>>> print(open('coords30.txt').read())   # compact mmCIF, C-alpha atoms (C1' of nucleotides) and all ligand atoms
# COMPACT_ATOMS: atom_id res chain seq x y z
CA MET L 22 237.41 -15.87 49.57
CA SER L 23 233.93 -16.85 50.69
CA THR L 24 231.36 -18.22 48.33
CA HIS L 25 228.60 -15.71 48.98
CA ALA L 26 228.32 -12.44 50.85
CA GLN L 27 226.35 -13.30 53.96
CA HIS L 28 224.01 -10.35 54.19
CA ALA L 29 224.72 -8.23 51.18
CA PRO L 30 221.62 -6.67 49.66
CA HIS L 31 221.11 -7.83 46.12
CA PRO L 32 222.70 -5.75 43.37
CA THR L 33 219.36 -4.84 41.93
CA GLY L 34 215.97 -4.50 43.43
CA LEU L 35 215.07 -8.15 43.44
CA ALA L 36 212.55 -7.54 46.19
CA GLN L 37 211.32 -4.54 44.25
CA LYS L 38 210.85 -6.38 40.96
CA LEU L 39 209.09 -9.19 42.79
CA ALA L 40 206.82 -6.75 44.57
CA ASP L 41 206.02 -5.14 41.24
CA SER L 42 204.55 -8.47 40.24
CA GLY L 43 202.74 -8.88 43.52
CA LEU L 44 205.20 -11.55 44.70
CA ARG L 45 207.12 -11.89 47.93
CA SER L 46 210.84 -11.87 48.41
CA THR L 47 211.79 -15.18 50.03
CA PRO L 48 215.11 -16.66 51.12
CA GLN L 49 214.77 -19.26 48.38
CA ARG L 50 214.17 -16.74 45.63
CA GLU L 51 216.98 -14.51 46.83
CA LEU L 52 219.45 -17.35 47.05
CA VAL L 53 218.56 -18.77 43.63
CA TYR L 54 218.99 -15.34 42.11
CA ASP L 55 222.25 -14.81 44.00
CA VAL L 56 223.61 -18.10 42.69
CA LEU L 57 222.81 -17.09 39.13
CA LEU L 58 224.54 -13.73 39.54
CA THR L 59 227.58 -15.19 41.27
CA LYS L 60 228.53 -17.78 38.68
CA ARG L 61 227.23 -16.83 35.28
CA ASP L 62 227.86 -20.07 33.50
CA HIS L 63 224.27 -20.73 32.47
CA PRO L 64 223.56 -23.47 34.99
CA THR L 65 220.67 -25.89 34.68
CA ALA L 66 218.01 -26.20 37.37
CA ASP L 67 219.86 -29.20 38.77
CA GLU L 68 223.08 -27.24 38.94
CA VAL L 69 221.36 -24.33 40.63
CA PHE L 70 219.87 -26.81 43.07
CA ALA L 71 223.31 -28.20 43.87
CA ARG L 72 224.75 -24.72 44.45
CA VAL L 73 221.88 -23.61 46.59
CA LYS L 74 221.49 -26.64 48.79
CA PRO L 75 224.60 -26.13 50.94
CA GLU L 76 223.32 -22.73 52.03
CA LEU L 77 219.70 -23.73 52.44
CA PRO L 78 219.71 -27.48 53.04
CA GLY L 79 215.97 -27.74 53.25
CA ILE L 80 215.28 -26.37 49.79
CA SER L 81 213.62 -28.67 47.29
CA LEU L 82 214.20 -29.10 43.59
CA ALA L 83 210.57 -28.18 42.99
CA THR L 84 211.20 -24.87 44.69
CA VAL L 85 214.27 -24.24 42.57
CA TYR L 86 212.11 -24.78 39.48
CA ASN L 87 209.46 -22.49 40.95
CA CYS L 88 211.98 -19.77 41.77
CA LEU L 89 213.61 -19.94 38.37
CA GLU L 90 210.26 -19.64 36.65
CA THR L 91 209.37 -16.72 38.87
CA LEU L 92 212.64 -14.95 38.06
CA VAL L 93 212.07 -15.50 34.36
CA GLN L 94 208.52 -14.17 34.68
CA CYS L 95 209.80 -11.05 36.43
CA ASP L 96 212.36 -10.51 33.67
CA LEU L 97 215.27 -10.94 36.03
CA VAL L 98 216.78 -13.87 34.17
CA ARG L 99 216.50 -15.48 30.75
CA ALA L 100 215.81 -19.14 30.08
CA VAL L 101 218.16 -20.51 27.44
CA ASN L 102 217.49 -23.69 25.51
CA PHE L 103 219.70 -25.67 23.23
CA GLU L 104 218.46 -28.69 21.31
CA ARG L 105 216.19 -30.28 23.90
CA GLY L 106 218.86 -30.19 26.55
CA PRO L 107 217.85 -29.07 30.04
CA THR L 108 216.94 -25.40 30.26
CA ARG L 109 219.76 -23.11 31.34
CA TYR L 110 219.46 -19.79 33.10
CA CYS L 111 221.18 -16.53 32.27
CA PRO L 112 221.15 -13.34 34.36
CA ASN L 113 222.53 -11.25 31.48
CA LEU L 114 219.63 -9.05 30.52
CA CYS L 115 221.04 -7.11 27.61
CA PRO L 116 220.30 -8.65 24.23
CA HIS L 117 222.98 -11.18 23.34
CA ALA L 118 223.52 -14.44 21.53
CA HIS L 119 224.75 -17.76 22.87
CA PHE L 120 227.61 -19.92 21.73
CA HIS L 121 227.31 -23.57 22.59
CA ASP L 122 230.65 -25.33 22.70
CA GLU L 123 230.20 -28.82 21.32
CA ALA L 124 233.39 -30.03 22.93
CA THR L 125 232.83 -28.91 26.51
CA GLY L 126 229.09 -28.34 26.61
CA GLN L 127 229.72 -24.86 27.93
CA THR L 128 227.48 -21.97 26.98
CA HIS L 129 229.09 -18.57 26.35
CA ASP L 130 227.49 -15.16 26.02
CA ILE L 131 228.16 -13.39 22.72
CA ASP L 132 227.50 -9.67 22.65
CA LEU L 133 226.06 -8.42 19.41
CA PRO L 134 225.59 -4.84 18.26
CA PRO L 135 221.94 -3.83 18.57
CA VAL L 136 221.97 -2.86 14.92
CA LEU L 137 222.30 -6.52 13.97
CA PHE L 138 219.21 -7.42 15.94
CA ALA L 139 217.44 -4.58 14.16
CA LYS L 140 218.59 -5.80 10.76
CA LEU L 141 217.28 -9.26 11.53
CA ARG L 142 213.91 -7.91 12.54
CA ALA L 143 213.84 -5.82 9.41
CA GLU L 144 214.00 -8.98 7.32
CA LEU L 145 210.68 -10.25 8.61
CA PRO L 146 207.98 -10.19 5.93
CA ALA L 147 204.94 -8.00 6.48
CA GLY L 148 202.53 -9.48 8.98
CA PHE L 149 205.21 -11.00 11.16
CA ASP L 150 205.58 -9.19 14.44
CA ALA L 151 208.40 -10.57 16.58
CA ASN L 152 208.74 -9.71 20.21
CA ALA L 153 211.86 -11.79 20.67
CA VAL L 154 214.79 -13.02 18.60
CA GLU L 155 217.04 -15.81 19.68
CA ILE L 156 220.45 -16.47 18.18
CA THR L 157 222.52 -19.53 18.94
CA PHE L 158 225.91 -20.51 17.58
CA ARG L 159 227.20 -24.04 17.80
CA GLY L 160 230.83 -25.01 17.39
CA LYS L 161 234.17 -25.21 19.10
CA ALA L 162 235.70 -22.54 21.29
CA LYS L 163 239.45 -22.45 21.58
CA THR L 164 239.45 -19.97 24.44
CA SER L 165 241.58 -20.94 27.40
CA SER L 166 239.29 -18.97 29.69
CA ASN L 167 237.25 -20.69 32.42
CA MET F 5 193.72 -34.45 -5.50
CA SER F 6 195.49 -37.41 -3.93
CA THR F 7 197.64 -37.13 -0.88
CA HIS F 8 200.78 -38.66 -2.29
CA ALA F 9 202.01 -39.65 -5.72
CA GLN F 10 201.88 -43.40 -5.67
CA HIS F 11 205.12 -44.31 -7.34
CA ALA F 12 206.87 -41.04 -8.05
CA PRO F 13 210.61 -41.21 -7.58
CA HIS F 14 211.77 -38.85 -4.89
CA PRO F 15 212.68 -35.32 -5.97
CA THR F 16 216.26 -35.73 -4.91
CA GLY F 17 218.47 -38.73 -4.63
CA LEU F 18 217.24 -39.94 -1.28
CA ALA F 19 218.49 -43.41 -2.07
CA GLN F 20 221.74 -41.86 -3.24
CA LYS F 21 222.31 -39.76 -0.14
CA LEU F 22 221.51 -42.76 2.02
CA ALA F 23 223.89 -44.95 0.06
CA ASP F 24 226.56 -42.30 0.46
CA SER F 25 226.31 -42.91 4.19
CA GLY F 26 226.27 -46.68 3.77
CA LEU F 27 222.56 -46.86 4.57
CA ARG F 28 219.73 -48.56 2.76
CA SER F 29 216.70 -47.01 1.18
CA THR F 30 213.65 -48.50 2.89
CA PRO F 31 209.91 -47.95 2.43
CA GLN F 32 209.79 -46.38 5.87
CA ARG F 33 212.60 -43.91 5.18
CA GLU F 34 211.17 -42.98 1.80
CA LEU F 35 207.70 -42.41 3.16
CA VAL F 36 208.87 -40.34 6.12
CA TYR F 37 210.91 -38.19 3.78
CA ASP F 38 208.01 -37.91 1.34
CA VAL F 39 205.70 -36.76 4.13
CA LEU F 40 208.15 -34.05 5.13
CA LEU F 41 208.45 -32.81 1.55
CA THR F 42 204.71 -32.92 0.90
CA LYS F 43 203.55 -30.78 3.81
CA ARG F 44 206.30 -28.49 4.95
CA ASP F 45 204.75 -27.31 8.17
CA HIS F 46 207.52 -28.50 10.48
CA PRO F 47 205.70 -31.49 11.92
CA THR F 48 206.74 -33.24 15.12
CA ALA F 49 207.64 -36.92 15.17
CA ASP F 50 204.12 -37.69 16.37
CA GLU F 51 202.63 -35.74 13.50
CA VAL F 52 204.89 -37.48 10.99
CA PHE F 53 203.81 -40.77 12.54
CA ALA F 54 200.15 -39.88 12.08
CA ARG F 55 200.69 -38.91 8.43
CA VAL F 56 202.71 -41.97 7.65
CA LYS F 57 200.58 -44.59 9.33
CA PRO F 58 197.69 -44.62 6.85
CA GLU F 59 200.08 -45.52 4.03
CA LEU F 60 202.17 -47.97 6.01
CA PRO F 61 199.96 -49.19 8.85
CA GLY F 62 202.63 -51.42 10.33
CA ILE F 63 205.13 -48.64 10.96
CA SER F 64 206.08 -47.92 14.55
CA LEU F 65 206.75 -44.63 16.28
CA ALA F 66 210.25 -45.87 17.10
CA THR F 67 210.89 -46.30 13.40
CA VAL F 68 209.66 -42.80 12.68
CA TYR F 69 212.14 -41.49 15.23
CA ASN F 70 214.84 -43.66 13.69
CA CYS F 71 214.07 -42.48 10.16
CA LEU F 72 213.97 -38.83 11.18
CA GLU F 73 217.31 -39.14 12.89
CA THR F 74 218.73 -40.87 9.85
CA LEU F 75 217.46 -38.12 7.54
CA VAL F 76 218.97 -35.47 9.80
CA GLN F 77 222.28 -37.35 9.85
CA CYS F 78 222.32 -37.52 6.07
CA ASP F 79 221.62 -33.76 5.86
CA LEU F 80 218.32 -34.27 4.15
CA VAL F 81 216.28 -32.51 6.82
CA ARG F 82 216.88 -30.15 9.72
CA ALA F 83 215.73 -30.68 13.28
CA VAL F 84 214.16 -27.52 14.69
CA ASN F 85 213.69 -26.92 18.39
CA PHE F 86 211.79 -24.26 20.22
CA GLU F 87 211.86 -23.93 23.99
CA ARG F 88 211.83 -27.59 25.02
CA GLY F 89 208.86 -28.34 22.83
CA PRO F 90 208.92 -31.51 20.76
CA THR F 91 211.48 -31.47 17.96
CA ARG F 92 210.13 -30.42 14.57
CA TYR F 93 211.48 -31.38 11.18
CA CYS F 94 212.19 -29.14 8.22
CA PRO F 95 213.16 -30.25 4.69
CA ASN F 96 214.24 -26.74 3.72
CA LEU F 97 217.98 -27.04 3.36
CA CYS F 98 218.99 -23.50 2.49
CA PRO F 99 219.97 -21.42 5.50
CA HIS F 100 216.91 -19.77 6.99
CA ALA F 101 215.42 -18.64 10.27
CA HIS F 102 212.22 -19.75 11.98
CA PHE F 103 209.31 -17.72 13.22
CA HIS F 104 207.30 -19.30 15.96
CA ASP F 105 203.77 -17.97 16.15
CA GLU F 106 202.77 -17.77 19.81
CA ALA F 107 199.11 -17.66 18.96
CA THR F 108 198.82 -20.68 16.67
CA GLY F 109 201.96 -22.61 17.54
CA GLN F 110 202.83 -22.70 13.87
CA THR F 111 206.43 -22.51 12.69
CA HIS F 112 207.22 -20.49 9.58
CA ASP F 113 210.36 -20.38 7.48
CA ILE F 114 211.99 -16.96 7.19
CA ASP F 115 214.48 -16.53 4.39
CA LEU F 116 217.43 -14.37 5.26
CA PRO F 117 220.10 -12.96 2.98
CA PRO F 118 223.31 -14.96 3.34
CA VAL F 119 225.15 -11.73 4.07
CA LEU F 120 223.30 -11.49 7.39
CA PHE F 121 224.48 -14.93 8.42
CA ALA F 122 227.98 -13.83 7.48
CA LYS F 123 227.70 -10.66 9.55
CA LEU F 124 226.58 -12.67 12.55
CA ARG F 125 229.51 -15.02 12.23
CA ALA F 126 231.83 -12.05 11.87
CA GLU F 127 230.77 -10.86 15.33
CA LEU F 128 232.19 -13.93 17.04
CA PRO F 129 235.26 -13.13 19.13
CA ALA F 130 238.55 -14.75 18.18
CA GLY F 131 238.70 -18.39 19.21
CA PHE F 132 235.05 -19.06 18.56
CA ASP F 133 234.54 -21.23 15.52
CA ALA F 134 230.86 -21.76 14.72
CA ASN F 135 229.74 -24.44 12.33
CA ALA F 136 226.08 -23.57 12.71
CA VAL F 137 223.93 -20.55 13.53
CA GLU F 138 220.32 -20.81 14.55
CA ILE F 139 217.92 -17.89 14.50
CA THR F 140 214.45 -18.02 15.95
CA PHE F 141 211.82 -15.31 16.10
CA ARG F 142 208.89 -15.50 18.43
CA GLY F 143 205.74 -13.44 18.12
CA LYS F 144 202.44 -13.12 16.33
CA ALA F 145 201.89 -13.58 12.62
CA LYS F 146 198.95 -11.78 11.09
CA THR F 147 199.18 -13.64 7.82
CA SER F 148 195.89 -15.12 6.66
CA SER F 149 197.81 -17.93 4.97
CA ASN F 150 197.48 -21.32 6.58
C1' DG P 25 218.27 -71.34 -4.12
C1' DT P 26 219.85 -71.89 0.43
C1' DT P 27 222.57 -69.96 4.30
C1' DG P 28 224.77 -66.35 6.75
C1' DC P 29 225.06 -61.94 8.40
C1' DG P 30 224.27 -57.38 9.23
C1' DC P 31 220.95 -53.70 8.64
C1' DC P 32 216.18 -52.33 9.92
C1' DT P 33 212.10 -52.37 12.20
C1' DT P 34 209.26 -53.16 16.11
C1' DA P 35 206.97 -53.13 20.82
C1' DG P 36 207.56 -52.03 25.06
C1' DA P 37 210.41 -50.61 28.94
C1' DA P 38 213.36 -47.01 30.63
C1' DT P 39 215.02 -42.17 30.96
C1' DC P 40 214.93 -37.63 32.41
C1' DA P 41 213.65 -32.85 32.68
C1' DT P 42 209.82 -30.77 34.06
C1' DT P 43 205.13 -30.22 35.89
C1' DC P 44 201.47 -31.36 38.87
C1' DC P 45 199.39 -32.35 43.35
C1' DA P 46 198.15 -32.38 48.04
C1' DA P 47 199.80 -31.31 52.35
C1' DT P 48 202.35 -28.22 55.34
C1' DT P 49 204.51 -23.94 56.60
C1' DC P 50 205.06 -19.06 56.56
C1' DG P 51 203.91 -14.02 56.42
C1' DT P 52 200.96 -10.57 56.67
C1' DT P 53 196.79 -8.55 57.89
C1' DG P 54 192.69 -7.95 60.75
C1' DC O 23 196.18 -14.32 68.48
C1' DA O 24 193.29 -15.97 64.29
C1' DA O 25 192.63 -16.25 59.57
C1' DC O 26 193.98 -16.50 54.90
C1' DG O 27 196.49 -16.69 50.93
C1' DA O 28 201.19 -17.23 49.24
C1' DA O 29 205.16 -20.20 49.06
C1' DT O 30 207.49 -24.42 49.79
C1' DT O 31 207.91 -29.33 49.84
C1' DG O 32 208.13 -34.43 48.57
C1' DG O 33 206.45 -37.43 45.74
C1' DA O 34 203.63 -38.83 41.84
C1' DA O 35 202.64 -37.96 37.05
C1' DT O 36 203.86 -36.38 32.29
C1' DG O 37 205.65 -36.58 27.83
C1' DA O 38 209.15 -36.66 24.35
C1' DT O 39 212.73 -39.35 23.35
C1' DT O 40 215.96 -43.23 23.78
C1' DC O 41 217.09 -47.85 24.80
C1' DT O 42 216.69 -52.89 24.54
C1' DA O 43 215.85 -57.22 22.96
C1' DA O 44 213.69 -59.83 19.49
C1' DG O 45 212.35 -60.68 14.95
C1' DG O 46 212.55 -59.76 9.74
C1' DC O 47 214.56 -58.70 5.48
C1' DG O 48 217.90 -58.02 1.77
C1' DC O 49 221.83 -59.21 -0.32
C1' DA O 50 226.02 -61.72 -1.17
C1' DA O 51 228.68 -66.10 -1.06
C1' DC O 52 228.51 -70.65 -1.62
MN MN A 201 217.20 -28.18 34.22
MN MN A 202 208.42 -35.06 18.39
ZN ZN A 203 223.49 -15.61 28.33
ZN ZN A 204 212.35 -24.49 8.31
>>> encode(input="coords30.txt", output="structure tokens", more="lines below")
Ligand SMILES: [Mn+2]
Ligand SMILES: [Mn+2]
Ligand SMILES: [Zn+2]
Ligand SMILES: [Zn+2]
Amino acid sequence: MSTHAQHAPHPTGLAQKLADSGLRSTPQRELVYDVLLTKRDHPTADEVFARVKPELPGISLATVYNCLETLVQCDLVRAVNFERGPTRYCPNLCPHAHFHDEATGQTHDIDLPPVLFAKLRAELPAGFDANAVEITFRGKAKTSSN
Amino acid sequence: MSTHAQHAPHPTGLAQKLADSGLRSTPQRELVYDVLLTKRDHPTADEVFARVKPELPGISLATVYNCLETLVQCDLVRAVNFERGPTRYCPNLCPHAHFHDEATGQTHDIDLPPVLFAKLRAELPAGFDANAVEITFRGKAKTSSN
DNA sequence: GTTGCGCCTTAGAATCATTCCAATTCGTTG
DNA sequence: CAACGAATTGGAATGATTCTAAGGCGCAAC
């Protein structure tokens, strides 16, 4: 199988979401987004750069950083941080937690029932108004997947 | 009122916990720990350095980093990270979440019922064994407290 | 009470992800 | 086509943290 569909339109309206923010759709932005959707293993900017370069040899690391920031700004991907390590990027938009495997360094998505997020928010004392909650597990995963 | 009790023994067995790990109690380690206990506002290493220097002018930033790491290793303080910002340090040992105020940059402790932590852990799929959960809220705090 | 030895501290260099900058290129509009 | 701002690029700069090498200090054995 090939690595990427050559001319497939993007699953969602990438161009649309960009336009909504007054931004242009560029080959670099499309490819960076495509790479994130294709292999959802929470790659770092460097890893995205490595995956993107073969298809667009002229792209620069600075541009990868720019594209990633743009995608985050447009709410197309989430930036995920774990203990000062390099930022990772996640195209999974529905609320979820992350499990960081200490043994392999891999980051896994953990789906949580929305009610749990609600219960967490409900615990905030008066005066605290959260517009985001982040949940991270750390430990060992015995899964034989990936 | 004075900033620090001059010769007060530390609230908990700092020397003891250090000894348990085969480490010595030093003036630097005691002072760094004291500073964390005295003002529990989740200071960064730089901020700890600034608070410690007046009382121990010869101390170096490297030593502050060393002491903080030692205290974390001995489970006397927690390291708290938020979005690639500098690591902050928290002497509150009971499980709790953090609220990061976007407006002021302040970090607040949020106590959560242990049952909530348990419910979160219970959501982990089979094969995932977490030995730590981290919960961070981000938003605005309207509290008039510090 | 000296010596030996390992733990600690220290200053400064090195690291590394990320950001900044200035210059060029590209797209779109007039 | 000409003009203009948006986007990309390579390289320099940043900033928190870590590393390194060199001294100092505390404690135990002699
Ligand atoms: Mn990165
Ligand atoms: Mn710091
Ligand atoms: Zn994710
Ligand atoms: Zn705390």
>>> atom_distance(input="coords30.txt", atom1="atom CA of Phe120 of chain L", atom2="atom CA of Arg125 of chain F")
10.9 Å
>>> closest_residue(input="coords30.txt", among="P:DA46, P:DA35, P:DC29, P:DC40", to="Ile63 of chain F", atoms="all atoms listed in the file")
P:DA35
>>> interface_residues(input="coords30.txt", of="chain P", to="chain L", cutoff="12 Å", atoms="all atoms listed in the file", output="tab-separated table (two decimals) with C-alpha atoms (C1' of nucleotides), in the coordinates of the input")
chain	number	residue	atom	x	y	z
P	40	DC	C1'	214.93	-37.63	32.41
P	41	DA	C1'	213.65	-32.85	32.68
P	42	DT	C1'	209.82	-30.77	34.06
P	43	DT	C1'	205.13	-30.22	35.89
P	44	DC	C1'	201.47	-31.36	38.87
P	45	DC	C1'	199.39	-32.35	43.35
P	50	DC	C1'	205.06	-19.06	56.56
P	51	DG	C1'	203.91	-14.02	56.42
P	52	DT	C1'	200.96	-10.57	56.67
>>> interface_residues(input="coords30.txt", of="chain O", to="chain F", cutoff="12 Å", atoms="all atoms listed in the file", output="list in words")
DG37, DA38, DT39, DT40, DC41, DC47, DG48 and DC49 of chain O
>>> residues_around(input="coords30.txt", residues="Arg50 of chain L", least_positions_apart="5", cutoff="8 Å", atoms="all atoms listed in the file", output="CSV table (one decimal) with C-alpha atoms, in the coordinates of the input")
chain,number,residue,atom,x,y,z
L,88,CYS,CA,212.0,-19.8,41.8
L,89,LEU,CA,213.6,-19.9,38.4
L,92,LEU,CA,212.6,-15.0,38.1
>>> interface_residues(input="coords30.txt", of="chain L", to="chain F", cutoff="10 Å", atoms="only C-alpha atoms", output="number ranges by chain")
L: 100-108, 118-123, 129, 131-134, 137-138, 140-142, 144-165
>>> atom_distance(input="coords30.txt", atom1="atom CA of Val69 of chain L", atom2="atom CA of Tyr54 of chain L")
9.4 Å
>>> closest_residue(input="coords30.txt", among="P:DT48, P:DT34, P:DT26, P:DT39", to="DT30 of chain O", atoms="all atoms listed in the file")
P:DT48
>>> atom_distance(input="coords30.txt", atom1="atom C1' of DG36 of chain P", atom2="atom C1' of DG45 of chain O")
14.1 Å
